[in-house]
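J.: Pasting a structure here, questions to come.
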Amino acid sequence: MTEHSASAAIADPIGMEVFSNRLLSITEDMNNTLVRASFSTNIKERKDCSVALFDAAGRLVAQGTQIPLHLGSLDGAMRSILQAFPVEAIQPGDVFICNDPYLANGSHLPDINIVSPVFWDGALRFFAANIAHHSDVGGAVPGSIAGGLRSVFEEGIRIPVCRIARAGQVDEDLLRLICANTRDPEERVLDLRVQMATNERGAAAMGGLIRQMGLDAVLRSVDDIILYTRRRLSNRIAELREGSYVFESFLDDDGMGGDPVPIRVALTVGGGRLHFDFDGSGRQARGAMNLPLNTLRACVYYAVKALLDPDLAPNAGLFDPISISAPVGTITNPEHPAAVGARSITAQKVAGAIFGAFRGLLPPERIMASSNDCCPAIVFSGRWPDRAGHFVYLETLGGGAGARLDQDGADGVHVHMTNTSNLPVEALENEYPLLMDEYALIGDSGGVGRTRGGLAIAKQIRARADGIVFSARSDSHTVGVAAGVAGGGDGRRARLLRNPGTPQEQELFSKTANIALADGESVRIETPGGGGYGPAAERPRARIEQDVRDGKVSGAQAASAYGYRP
């Protein structure tokens, strides 16, 4: 079945919309299966995973509504599989695995892709795919991510495209080899088996859809939804004013300290297309802040969808009107074997820069002040108290979202490329020898303005055993900031403290690693707040009073920034 030409008519728009929602229901069921059946807290509680469906040509047909950052890895894995294995060599019951950013177009090593072919009447028709962030895949640091790692070889086990199951039989030797190179092999084995089972469920659902609709109708409908997405995005682009628009943001450092690192994007609108040029961004990082090219693509696709048409279906039609260039050897397109583990922070900065570039194109009601654009992460590791081996607890944290023309920024949320849940306090304290001292919003952390930036998060965790190892990756501690817009104030910067409020208090580097904690020691991370929108003098008095009552704004800030007197 060949794709319709650009001028072809969509046979049944209503039927196409129904079909698109049926595909999304399949991905939703796959995601629910993956989350409910997994064993690690990072997947079952925090939902750090995504699912997708591809056609036999490797075109993205539907992606679940989980984590935009995963789009680059899933799409890259699909292309790598088809490059490594001719279609005629793929058999029913095969399952493929990969994670490497250089060998398999992945994102970073903890994100492991599992892809399974879907056959109908003996012919390959679709692929079911999922990706899950495993809390540890080996390497020099528990959690396999640290800003100061210098090479991908330090970041854990590298998996090129491999067949982990053949004709329905799992390659137990390969499975053991992969999991033995991690700090919790039992948890890795269980979660990988759940990933394989998730694809089986998706394949069965696709088979049911074909059985009900007929193969020709399904293939025609796939072509229709991809064509529709392309046309709809092209229509949104046609509404934009042609020209070039530039924005620059900054990382505090490249993972190893030193000078700030620019993230620069030039957006060009012309000829019904969007081109994003990242020339001028910082050189390749010495540490693990590098952003693989596939992940850069995911950042661009996400930002375009979010800003121009949030309801646009995430499929291959989204990619066609967009082109991207990034010089090799820069932080947005690194050369092998550059470390990439902390790429999520850079991805957030890239997305924020793209949002900034669009400010020259969009009307005021569609512009947003900068959000926390950071995605800090904390990792605690130590011996399991009740069984052999080591645990690794990983969590990425939200912060303040940027304000909009008529709406305050959301408090304590993930923005842009990440979309995971928090780990409930009860689950953390039940699973690990850790105690939550404080988990709260930080007053006065959002940028002031007519509409206020969202508040940052404070999380303070105490070790309940000797030898707990702590690592963190964060940014916007010294240079990077959530900038306000149209006269709004900037959000507050982040902080990382060891033993806060004690004589032993110590401020830590934002990308610290392998800090050994004694029983009773604590670590506190404070994430960045969001930027404000418009002059603070224009904020209605009733909203200031409500903020003060809620503790979101102190009396002192209300007086100094807003001129408020009770």
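Here's how to read the names in the structure tokens: chain A, B, ... by the order shown, residue numbers from 1 in each chain, ligand numbers from 1 in the order shown.
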Give me the residues near Leu435 in chain A as a VMD selection string, where near means some atom within 6 Å (using only C-alpha atoms) and where sequence neighbours in that chain fewer than 5 positions away do not count.
T.: chain A and resid 429 461 to 462
J.: Please identify which residues in range 329-446 of chain A DSSP calls strand (DSSP E or B) from the backbone, and express them as JSON, numbers by chain.
T.: {"A": [330, 333, 338, 368, 377, 378, 379, 380, 381, 382, 383, 390, 391, 392, 393, 394, 395, 396, 399, 404, 407, 413, 434, 435, 436, 437, 438, 439, 440, 441, 442]}
J.: May I have a table of the residues of range 413-453 of chain A lying at most 10 Å from range 328-352 of chain A, giving each one's closest pair of atoms and their distance in Å to one decimal, counting only C-alpha atoms, ordered by chain and ascending residue number, as JSON lines?
T.:
```
{"residue": "A:Val415", "atom": "CA", "partner": "A:Gln348", "partner_atom": "CA", "distance": 7.9}
{"residue": "A:His416", "atom": "CA", "partner": "A:Gln348", "partner_atom": "CA", "distance": 6.4}
{"residue": "A:Met417", "atom": "CA", "partner": "A:Gln348", "partner_atom": "CA", "distance": 6.2}
{"residue": "A:Thr418", "atom": "CA", "partner": "A:Ser344", "partner_atom": "CA", "distance": 8.0}
```
J.: Considering only C-alpha atoms, can you say which of A:Phe509, A:Phe126, A:Tyr564, A:Phe278 comes closest to Gly255 in chain A?
T.: A:Phe509
J.: I'd like to know which of A:Leu227, A:Val141, A:Ala482, A:Leu497 is closest to Pro321 in chain A, using only C-alpha atoms.
T.: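 That would be A:Leu227, the residue with the smallest distance to Pro321 in chain A.
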J.: Here is a test: counting only C-alpha atoms, which residue of A:Ile525, A:Arg359, A:Lys511, A:Gly202 is nearest to Tyr245 in chain A?
T.: A:Arg359
J.: Please provide as an mmCIF file with C-alpha atoms, in the first residue's frame all residues within 10 Å of Asn32 in chain A, with the sequence filter that same-chain residues fewer than 4 positions apart are discarded (counting only C-alpha atoms).
T.:
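In the end it all went to around.cif:
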```cif
data_model
loop_
_atom_site.group_PDB
_atom_site.id
_atom_site.type_symbol
_atom_site.label_atom_id
_atom_site.label_comp_id
_atom_site.auth_asym_id
_atom_site.auth_seq_id
_atom_site.Cartn_x
_atom_site.Cartn_y
_atom_site.Cartn_z
ATOM 1 C CA ILE A 26 -4.253 0.850 21.818
ATOM 2 C CA THR A 27 -1.236 2.883 22.908
ATOM 3 C CA GLU A 28 -3.031 3.886 26.116
ATOM 4 C CA ARG A 36 0.884 -1.637 36.147
ATOM 5 C CA ALA A 37 2.992 -4.731 35.525
ATOM 6 C CA LYS A 44 5.359 1.619 38.053
ATOM 7 C CA LYS A 47 5.658 6.316 34.720
ATOM 8 C CA VAL A 51 4.799 3.427 23.816
ATOM 9 C CA THR A 198 3.502 -5.016 26.632
#
```
J.: Apply DSSP to the backbone of this structure and, from range 329-426 of chain A, keep only the residues in helix (DSSP H, G or I); write these as a PyMOL selection string.
T.: chain A and resi 343-360+364-366+425-426
J.: Suppose we keep N, CA, C and O atoms; can you now write the selection as a PDB file, in the first residue's frame?
T.:
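Listed below is the output, out_30.pdb:
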```
ATOM      1  N   ARG A 343      21.411  14.432  29.218  1.00  0.00           N
ATOM      2  CA  ARG A 343      20.894  15.183  28.066  1.00  0.00           C
ATOM      3  C   ARG A 343      19.528  15.795  28.314  1.00  0.00           C
ATOM      4  O   ARG A 343      19.124  16.733  27.632  1.00  0.00           O
ATOM      5  N   SER A 344      18.781  15.324  29.312  1.00  0.00           N
ATOM      6  CA  SER A 344      17.439  15.860  29.538  1.00  0.00           C
ATOM      7  C   SER A 344      17.492  17.332  29.950  1.00  0.00           C
ATOM      8  O   SER A 344      16.586  18.104  29.608  1.00  0.00           O
ATOM      9  N   ILE A 345      18.537  17.735  30.676  1.00  0.00           N
ATOM     10  CA  ILE A 345      18.653  19.142  31.054  1.00  0.00           C
ATOM     11  C   ILE A 345      18.865  19.995  29.810  1.00  0.00           C
ATOM     12  O   ILE A 345      18.219  21.039  29.620  1.00  0.00           O
ATOM     13  N   THR A 346      19.766  19.552  28.932  1.00  0.00           N
ATOM     14  CA  THR A 346      20.002  20.287  27.687  1.00  0.00           C
ATOM     15  C   THR A 346      18.748  20.292  26.818  1.00  0.00           C
ATOM     16  O   THR A 346      18.426  21.303  26.178  1.00  0.00           O
ATOM     17  N   ALA A 347      18.043  19.173  26.792  1.00  0.00           N
ATOM     18  CA  ALA A 347      16.800  19.106  26.015  1.00  0.00           C
ATOM     19  C   ALA A 347      15.794  20.147  26.501  1.00  0.00           C
ATOM     20  O   ALA A 347      15.110  20.797  25.696  1.00  0.00           O
ATOM     21  N   GLN A 348      15.691  20.317  27.808  1.00  0.00           N
ATOM     22  CA  GLN A 348      14.768  21.317  28.334  1.00  0.00           C
ATOM     23  C   GLN A 348      15.178  22.728  27.923  1.00  0.00           C
ATOM     24  O   GLN A 348      14.336  23.577  27.597  1.00  0.00           O
ATOM     25  N   LYS A 349      16.488  22.988  27.953  1.00  0.00           N
ATOM     26  CA  LYS A 349      16.969  24.303  27.526  1.00  0.00           C
ATOM     27  C   LYS A 349      16.699  24.536  26.039  1.00  0.00           C
ATOM     28  O   LYS A 349      16.361  25.650  25.614  1.00  0.00           O
ATOM     29  N   VAL A 350      16.869  23.485  25.226  1.00  0.00           N
ATOM     30  CA  VAL A 350      16.582  23.603  23.795  1.00  0.00           C
ATOM     31  C   VAL A 350      15.108  23.911  23.573  1.00  0.00           C
ATOM     32  O   VAL A 350      14.753  24.818  22.804  1.00  0.00           O
ATOM     33  N   ALA A 351      14.238  23.175  24.244  1.00  0.00           N
ATOM     34  CA  ALA A 351      12.802  23.432  24.093  1.00  0.00           C
ATOM     35  C   ALA A 351      12.461  24.854  24.529  1.00  0.00           C
ATOM     36  O   ALA A 351      11.690  25.554  23.867  1.00  0.00           O
ATOM     37  N   GLY A 352      13.038  25.294  25.637  1.00  0.00           N
ATOM     38  CA  GLY A 352      12.787  26.657  26.093  1.00  0.00           C
ATOM     39  C   GLY A 352      13.270  27.702  25.102  1.00  0.00           C
ATOM     40  O   GLY A 352      12.622  28.733  24.899  1.00  0.00           O
ATOM     41  N   ALA A 353      14.426  27.427  24.459  1.00  0.00           N
ATOM     42  CA  ALA A 353      14.936  28.361  23.455  1.00  0.00           C
ATOM     43  C   ALA A 353      14.012  28.430  22.242  1.00  0.00           C
ATOM     44  O   ALA A 353      13.801  29.502  21.664  1.00  0.00           O
ATOM     45  N   ILE A 354      13.467  27.288  21.831  1.00  0.00           N
ATOM     46  CA  ILE A 354      12.530  27.282  20.698  1.00  0.00           C
ATOM     47  C   ILE A 354      11.275  28.074  21.055  1.00  0.00           C
ATOM     48  O   ILE A 354      10.768  28.868  20.248  1.00  0.00           O
ATOM     49  N   PHE A 355      10.766  27.882  22.273  1.00  0.00           N
ATOM     50  CA  PHE A 355       9.618  28.681  22.718  1.00  0.00           C
ATOM     51  C   PHE A 355       9.959  30.169  22.653  1.00  0.00           C
ATOM     52  O   PHE A 355       9.124  30.988  22.260  1.00  0.00           O
ATOM     53  N   GLY A 356      11.204  30.518  23.037  1.00  0.00           N
ATOM     54  CA  GLY A 356      11.619  31.904  22.980  1.00  0.00           C
ATOM     55  C   GLY A 356      11.668  32.440  21.564  1.00  0.00           C
ATOM     56  O   GLY A 356      11.254  33.578  21.295  1.00  0.00           O
ATOM     57  N   ALA A 357      12.170  31.619  20.617  1.00  0.00           N
ATOM     58  CA  ALA A 357      12.246  32.055  19.226  1.00  0.00           C
ATOM     59  C   ALA A 357      10.855  32.325  18.651  1.00  0.00           C
ATOM     60  O   ALA A 357      10.674  33.245  17.839  1.00  0.00           O
ATOM     61  N   PHE A 358       9.877  31.549  19.062  1.00  0.00           N
ATOM     62  CA  PHE A 358       8.516  31.730  18.554  1.00  0.00           C
ATOM     63  C   PHE A 358       7.848  32.995  19.093  1.00  0.00           C
ATOM     64  O   PHE A 358       6.789  33.389  18.598  1.00  0.00           O
ATOM     65  N   ARG A 359       8.449  33.651  20.092  1.00  0.00           N
ATOM     66  CA  ARG A 359       7.828  34.864  20.621  1.00  0.00           C
ATOM     67  C   ARG A 359       7.753  35.961  19.565  1.00  0.00           C
ATOM     68  O   ARG A 359       6.895  36.847  19.651  1.00  0.00           O
ATOM     69  N   GLY A 360       8.658  35.913  18.590  1.00  0.00           N
ATOM     70  CA  GLY A 360       8.597  36.898  17.522  1.00  0.00           C
ATOM     71  C   GLY A 360       7.520  36.624  16.506  1.00  0.00           C
ATOM     72  O   GLY A 360       7.276  37.447  15.612  1.00  0.00           O
ATOM     73  N   PRO A 364       0.297  37.804  21.588  1.00  0.00           N
ATOM     74  CA  PRO A 364       0.559  37.811  23.033  1.00  0.00           C
ATOM     75  C   PRO A 364      -0.139  36.689  23.796  1.00  0.00           C
ATOM     76  O   PRO A 364       0.422  36.147  24.751  1.00  0.00           O
ATOM     77  N   GLU A 365      -1.349  36.336  23.397  1.00  0.00           N
ATOM     78  CA  GLU A 365      -2.095  35.314  24.142  1.00  0.00           C
ATOM     79  C   GLU A 365      -1.507  33.918  23.975  1.00  0.00           C
ATOM     80  O   GLU A 365      -1.866  32.996  24.713  1.00  0.00           O
ATOM     81  N   ARG A 366      -0.587  33.736  23.025  1.00  0.00           N
ATOM     82  CA  ARG A 366       0.023  32.418  22.834  1.00  0.00           C
ATOM     83  C   ARG A 366       1.493  32.398  23.242  1.00  0.00           C
ATOM     84  O   ARG A 366       2.183  31.411  23.046  1.00  0.00           O
ATOM     85  N   VAL A 425       5.590   9.848  48.771  1.00  0.00           N
ATOM     86  CA  VAL A 425       6.435   9.747  49.962  1.00  0.00           C
ATOM     87  C   VAL A 425       6.296   8.369  50.596  1.00  0.00           C
ATOM     88  O   VAL A 425       7.289   7.753  51.029  1.00  0.00           O
ATOM     89  N   GLU A 426       5.065   7.857  50.659  1.00  0.00           N
ATOM     90  CA  GLU A 426       4.846   6.554  51.293  1.00  0.00           C
ATOM     91  C   GLU A 426       5.604   5.454  50.560  1.00  0.00           C
ATOM     92  O   GLU A 426       6.174   4.547  51.188  1.00  0.00           O
TER      93      GLU A 426
END
```
J.: To one decimal in Å, tell me the separation between CA of Val469 in chain A and CA of Ser381 in chain A.
T.: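 Computing it gives 5.1 Å between the two atoms.
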J.: With only C-alpha atoms as the counted atoms, please give the residues lying no more than 10 Å from Asn372 in chain A, apart from itself and same-chain residues fewer than 3 positions off, as an mmCIF file with all heavy atoms, in the first residue's frame.
T.:
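Output file out.cif follows:
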```cif
data_model
loop_
_atom_site.group_PDB
_atom_site.id
_atom_site.type_symbol
_atom_site.label_atom_id
_atom_site.label_comp_id
_atom_site.auth_asym_id
_atom_site.auth_seq_id
_atom_site.Cartn_x
_atom_site.Cartn_y
_atom_site.Cartn_z
ATOM 1 N N GLN A 348 15.691 20.317 27.808
ATOM 2 C CA GLN A 348 14.768 21.317 28.334
ATOM 3 C C GLN A 348 15.178 22.728 27.923
ATOM 4 O O GLN A 348 14.336 23.577 27.597
ATOM 5 C CB GLN A 348 14.718 21.225 29.866
ATOM 6 C CG GLN A 348 14.180 19.902 30.400
ATOM 7 C CD GLN A 348 12.675 19.793 30.287
ATOM 8 O OE1 GLN A 348 12.067 20.279 29.340
ATOM 9 N NE2 GLN A 348 12.047 19.141 31.246
ATOM 10 N N LYS A 349 16.488 22.988 27.953
ATOM 11 C CA LYS A 349 16.969 24.303 27.526
ATOM 12 C C LYS A 349 16.699 24.536 26.039
ATOM 13 O O LYS A 349 16.361 25.650 25.614
ATOM 14 C CB LYS A 349 18.460 24.436 27.815
ATOM 15 C CG LYS A 349 18.825 24.419 29.287
ATOM 16 C CD LYS A 349 18.377 25.679 29.994
ATOM 17 C CE LYS A 349 18.867 25.688 31.438
ATOM 18 N NZ LYS A 349 18.438 26.890 32.181
ATOM 19 N N GLY A 352 13.038 25.294 25.637
ATOM 20 C CA GLY A 352 12.787 26.657 26.093
ATOM 21 C C GLY A 352 13.270 27.702 25.102
ATOM 22 O O GLY A 352 12.622 28.733 24.899
ATOM 23 N N ALA A 369 6.107 32.960 29.278
ATOM 24 C CA ALA A 369 7.398 33.246 29.901
ATOM 25 C C ALA A 369 8.175 31.937 30.038
ATOM 26 O O ALA A 369 7.608 30.841 29.970
ATOM 27 C CB ALA A 369 7.192 33.892 31.265
ATOM 28 N N CYS A 375 14.603 20.141 34.603
ATOM 29 C CA CYS A 375 14.428 18.723 34.930
ATOM 30 C C CYS A 375 15.564 18.192 35.809
ATOM 31 O O CYS A 375 16.319 17.305 35.423
ATOM 32 C CB CYS A 375 14.328 17.875 33.658
ATOM 33 S SG CYS A 375 13.836 16.162 33.969
ATOM 34 N N PRO A 376 15.722 18.750 37.021
ATOM 35 C CA PRO A 376 16.744 18.213 37.929
ATOM 36 C C PRO A 376 16.443 16.761 38.286
ATOM 37 O O PRO A 376 15.277 16.347 38.302
ATOM 38 C CB PRO A 376 16.625 19.117 39.169
ATOM 39 C CG PRO A 376 15.849 20.302 38.720
ATOM 40 C CD PRO A 376 14.961 19.835 37.627
ATOM 41 N N GLY A 398 10.057 18.462 39.092
ATOM 42 C CA GLY A 398 9.473 19.598 38.404
ATOM 43 C C GLY A 398 9.923 20.906 39.025
ATOM 44 O O GLY A 398 10.782 20.971 39.907
ATOM 45 N N GLY A 399 9.326 21.974 38.578
ATOM 46 C CA GLY A 399 9.601 23.316 39.082
ATOM 47 C C GLY A 399 8.474 24.223 38.636
ATOM 48 O O GLY A 399 7.366 23.776 38.345
ATOM 49 N N GLY A 400 8.764 25.496 38.541
ATOM 50 C CA GLY A 400 7.727 26.442 38.142
ATOM 51 C C GLY A 400 7.580 26.534 36.638
ATOM 52 O O GLY A 400 8.563 26.553 35.903
ATOM 53 N N ALA A 401 6.351 26.607 36.162
ATOM 54 C CA ALA A 401 6.074 26.855 34.743
ATOM 55 C C ALA A 401 5.971 28.358 34.509
ATOM 56 O O ALA A 401 5.640 29.128 35.417
ATOM 57 C CB ALA A 401 4.787 26.162 34.312
ATOM 58 N N GLY A 402 6.242 28.776 33.271
ATOM 59 C CA GLY A 402 6.152 30.185 32.930
ATOM 60 C C GLY A 402 4.720 30.679 32.900
ATOM 61 O O GLY A 402 3.783 29.932 32.594
ATOM 62 N N GLY A 412 5.193 23.675 40.602
ATOM 63 C CA GLY A 412 5.741 22.347 40.856
ATOM 64 C C GLY A 412 5.410 21.307 39.804
ATOM 65 O O GLY A 412 4.929 20.227 40.152
ATOM 66 N N VAL A 413 5.681 21.603 38.538
ATOM 67 C CA VAL A 413 5.337 20.669 37.467
ATOM 68 C C VAL A 413 6.536 20.419 36.558
ATOM 69 O O VAL A 413 7.442 21.234 36.451
ATOM 70 C CB VAL A 413 4.166 21.202 36.610
ATOM 71 C CG1 VAL A 413 2.893 21.282 37.416
ATOM 72 C CG2 VAL A 413 4.508 22.553 35.991
ATOM 73 N N HIS A 414 6.509 19.261 35.902
ATOM 74 C CA HIS A 414 7.421 19.017 34.795
ATOM 75 C C HIS A 414 6.961 19.853 33.603
ATOM 76 O O HIS A 414 5.761 20.059 33.400
ATOM 77 C CB HIS A 414 7.406 17.541 34.398
ATOM 78 C CG HIS A 414 8.237 16.672 35.273
ATOM 79 N ND1 HIS A 414 9.390 16.079 34.845
ATOM 80 C CD2 HIS A 414 8.080 16.286 36.563
ATOM 81 C CE1 HIS A 414 9.913 15.362 35.821
ATOM 82 N NE2 HIS A 414 9.135 15.474 36.887
ATOM 83 N N VAL A 415 7.905 20.299 32.815
ATOM 84 C CA VAL A 415 7.579 21.071 31.623
ATOM 85 C C VAL A 415 8.294 20.465 30.421
ATOM 86 O O VAL A 415 9.225 19.670 30.554
ATOM 87 C CB VAL A 415 7.992 22.554 31.778
ATOM 88 C CG1 VAL A 415 7.210 23.212 32.894
ATOM 89 C CG2 VAL A 415 9.492 22.692 32.028
ATOM 90 N N HIS A 416 7.814 20.835 29.252
ATOM 91 C CA HIS A 416 8.455 20.497 27.985
ATOM 92 C C HIS A 416 8.660 18.992 27.806
ATOM 93 O O HIS A 416 7.709 18.250 27.649
ATOM 94 C CB HIS A 416 9.775 21.253 27.831
ATOM 95 C CG HIS A 416 9.628 22.734 27.775
ATOM 96 N ND1 HIS A 416 8.605 23.364 27.109
ATOM 97 C CD2 HIS A 416 10.383 23.728 28.324
ATOM 98 C CE1 HIS A 416 8.733 24.671 27.223
ATOM 99 N NE2 HIS A 416 9.796 24.921 27.960
ATOM 100 N N GLY A 446 8.527 32.059 42.209
ATOM 101 C CA GLY A 446 8.034 32.386 40.879
ATOM 102 C C GLY A 446 8.306 33.836 40.532
ATOM 103 O O GLY A 446 8.269 34.725 41.403
ATOM 104 N N GLY A 453 4.913 33.745 37.815
ATOM 105 C CA GLY A 453 5.528 32.476 37.454
ATOM 106 C C GLY A 453 5.228 31.399 38.469
ATOM 107 O O GLY A 453 4.985 31.679 39.653
ATOM 108 N N GLY A 454 5.237 30.162 38.022
ATOM 109 C CA GLY A 454 4.954 29.035 38.915
ATOM 110 C C GLY A 454 6.047 28.833 39.952
ATOM 111 O O GLY A 454 7.218 29.184 39.754
ATOM 112 N N LEU A 455 5.674 28.236 41.085
ATOM 113 C CA LEU A 455 6.602 28.035 42.197
ATOM 114 C C LEU A 455 7.459 26.789 42.003
ATOM 115 O O LEU A 455 7.050 25.803 41.402
ATOM 116 C CB LEU A 455 5.832 27.907 43.515
ATOM 117 C CG LEU A 455 4.957 29.089 43.928
ATOM 118 C CD1 LEU A 455 4.407 28.861 45.332
ATOM 119 C CD2 LEU A 455 5.718 30.409 43.859
ATOM 120 N N ALA A 456 8.660 26.872 42.581
ATOM 121 C CA ALA A 456 9.609 25.767 42.555
ATOM 122 C C ALA A 456 9.287 24.750 43.652
ATOM 123 O O ALA A 456 8.437 24.994 44.526
ATOM 124 C CB ALA A 456 11.021 26.314 42.740
ATOM 125 N N ASP A 475 20.603 22.278 37.026
ATOM 126 C CA ASP A 475 21.126 23.438 36.324
ATOM 127 C C ASP A 475 20.343 24.661 36.783
ATOM 128 O O ASP A 475 19.459 24.562 37.646
ATOM 129 C CB ASP A 475 21.020 23.253 34.811
ATOM 130 C CG ASP A 475 22.021 24.116 34.055
ATOM 131 O OD1 ASP A 475 23.220 23.775 34.024
ATOM 132 O OD2 ASP A 475 21.615 25.157 33.504
ATOM 133 N N SER A 476 20.666 25.804 36.199
ATOM 134 C CA SER A 476 20.069 27.088 36.589
ATOM 135 C C SER A 476 20.364 27.409 38.050
ATOM 136 O O SER A 476 19.522 27.973 38.757
ATOM 137 C CB SER A 476 18.558 27.094 36.314
ATOM 138 O OG SER A 476 18.303 26.924 34.936
ATOM 139 N N GLY A 480 21.861 30.124 34.280
ATOM 140 C CA GLY A 480 20.567 29.877 33.667
ATOM 141 C C GLY A 480 19.437 30.368 34.560
ATOM 142 O O GLY A 480 19.499 30.271 35.786
ATOM 143 N N VAL A 481 18.411 30.905 33.951
ATOM 144 C CA VAL A 481 17.298 31.454 34.712
ATOM 145 C C VAL A 481 16.039 31.382 33.855
ATOM 146 O O VAL A 481 16.104 31.434 32.621
ATOM 147 C CB VAL A 481 17.598 32.909 35.128
ATOM 148 C CG1 VAL A 481 17.632 33.836 33.920
ATOM 149 C CG2 VAL A 481 16.598 33.415 36.162
ATOM 150 N N ALA A 482 14.897 31.249 34.538
ATOM 151 C CA ALA A 482 13.609 31.284 33.839
ATOM 152 C C ALA A 482 13.227 32.740 33.638
ATOM 153 O O ALA A 482 12.741 33.409 34.550
ATOM 154 C CB ALA A 482 12.550 30.543 34.639
ATOM 155 N N ALA A 483 13.464 33.242 32.441
ATOM 156 C CA ALA A 483 13.286 34.674 32.169
ATOM 157 C C ALA A 483 11.813 35.043 32.080
ATOM 158 O O ALA A 483 11.009 34.321 31.486
ATOM 159 C CB ALA A 483 14.000 35.045 30.875
ATOM 160 N N GLY A 491 12.249 33.847 37.315
ATOM 161 C CA GLY A 491 12.056 32.880 38.380
ATOM 162 C C GLY A 491 13.331 32.716 39.199
ATOM 163 O O GLY A 491 14.437 33.022 38.741
ATOM 164 N N ARG A 492 13.194 32.205 40.422
ATOM 165 C CA ARG A 492 14.350 32.009 41.297
ATOM 166 C C ARG A 492 15.206 30.844 40.827
ATOM 167 O O ARG A 492 14.694 29.857 40.298
ATOM 168 C CB ARG A 492 13.883 31.768 42.736
ATOM 169 C CG ARG A 492 14.925 32.146 43.779
ATOM 170 C CD ARG A 492 14.522 31.684 45.159
ATOM 171 N NE ARG A 492 14.773 30.246 45.324
ATOM 172 C CZ ARG A 492 14.794 29.622 46.502
ATOM 173 N NH1 ARG A 492 14.546 30.304 47.602
ATOM 174 N NH2 ARG A 492 15.015 28.343 46.577
ATOM 175 N N ARG A 493 16.499 30.951 41.034
ATOM 176 C CA ARG A 493 17.418 29.887 40.640
ATOM 177 C C ARG A 493 17.342 28.705 41.608
ATOM 178 O O ARG A 493 16.762 28.793 42.690
ATOM 179 C CB ARG A 493 18.850 30.425 40.563
ATOM 180 C CG ARG A 493 19.065 31.395 39.397
ATOM 181 C CD ARG A 493 20.557 31.618 39.150
ATOM 182 N NE ARG A 493 20.745 32.385 37.926
ATOM 183 C CZ ARG A 493 21.052 33.669 37.883
ATOM 184 N NH1 ARG A 493 21.201 34.343 39.015
ATOM 185 N NH2 ARG A 493 21.227 34.286 36.730
ATOM 186 N N ALA A 494 17.976 27.602 41.206
ATOM 187 C CA ALA A 494 17.967 26.365 41.984
ATOM 188 C C ALA A 494 19.117 26.341 42.992
ATOM 189 O O ALA A 494 20.088 27.100 42.886
ATOM 190 C CB ALA A 494 18.062 25.170 41.044
ATOM 191 N N THR A 527 14.386 23.427 43.239
ATOM 192 C CA THR A 527 14.363 23.540 41.782
ATOM 193 C C THR A 527 14.073 24.987 41.374
ATOM 194 O O THR A 527 13.724 25.818 42.213
ATOM 195 C CB THR A 527 13.312 22.590 41.187
ATOM 196 O OG1 THR A 527 12.003 23.015 41.600
ATOM 197 C CG2 THR A 527 13.548 21.153 41.654
ATOM 198 N N PRO A 528 14.204 25.340 40.094
ATOM 199 C CA PRO A 528 13.946 26.730 39.669
ATOM 200 C C PRO A 528 12.459 27.050 39.576
ATOM 201 O O PRO A 528 11.623 26.180 39.333
ATOM 202 C CB PRO A 528 14.587 26.790 38.270
ATOM 203 C CG PRO A 528 15.415 25.552 38.133
ATOM 204 C CD PRO A 528 14.768 24.526 39.007
ATOM 205 N N GLY A 529 12.159 28.332 39.769
ATOM 206 C CA GLY A 529 10.790 28.818 39.556
ATOM 207 C C GLY A 529 10.593 29.296 38.134
ATOM 208 O O GLY A 529 11.546 29.436 37.360
ATOM 209 N N GLY A 530 9.338 29.568 37.754
ATOM 210 C CA GLY A 530 9.006 30.029 36.411
ATOM 211 C C GLY A 530 9.013 31.547 36.311
ATOM 212 O O GLY A 530 8.903 32.263 37.311
ATOM 213 N N GLY A 531 9.143 32.044 35.097
ATOM 214 C CA GLY A 531 9.153 33.480 34.852
ATOM 215 C C GLY A 531 7.753 34.082 34.870
ATOM 216 O O GLY A 531 6.758 33.396 34.619
#
```
